[in-house]
Amino acid sequence: MKPRNLLAESTTPDGARMSLYEHDGAYSISFQGQELMHSKASASELLLGKLGIELVRKQPKPRVMIGGLGLGFTLRTVLEGSSAVARASGRRAKTPTLRRV
């Protein structure tokens, strides 16, 4: 059995723990022990990026803002989905950055 490796961890302002793990080449983000995202299960994030870019694709200088970058699947889909995106920016909640452990 391959180990689940804790790569980074952070504590939110209210004291909740957020962790980044690697297991057998896959990555996951957990919040208080509950898995939120996994690199092997990204269908909803990919679809969200695809639907978002479809809404702005025909604008002359489309701009896209993605909140909560997570593992980056939505951002990647938006950038791959249109060479016409003039600007893509990401925003995170005001919580501490994950720190290596």
# chains A, B, ... in the order shown; residues from 1 in each chain; ligands from 1
$ select_by_dssp --residues "region 25-93 of chain A" --states "helix (DSSP H, G or I)" --output "PyMOL selection string"
chain A and resi 43-56+73-81
$ residues_around --residues "Glu22 (chain A)" --least-positions-apart "6" --cutoff "7 Å" --atoms "only C-alpha atoms" --output "list in words"
Arg4, Asn5, Leu6, Leu7 and Ser28 of chain A
$ residues_around --residues "region 37-41 of chain A" --least-positions-apart "2" --cutoff "9 Å" --atoms "only C-alpha atoms" --output "list in words"
Ala26, Tyr27, Ser28, Ile29, Ser30, Glu35, Ala43, Ser44, Glu45, Gly70, Leu71 and Phe73 of chain A
$ atom_distance --atom1 "CA of Ser10 (chain A)" --atom2 "CA of Phe31 (chain A)"
9.6 Å
$ closest_residue --among "A:Gly67, A:Leu79, A:Gln32, A:Leu51" --to "Gly15 (chain A)" --atoms "only C-alpha atoms"
A:Gln32
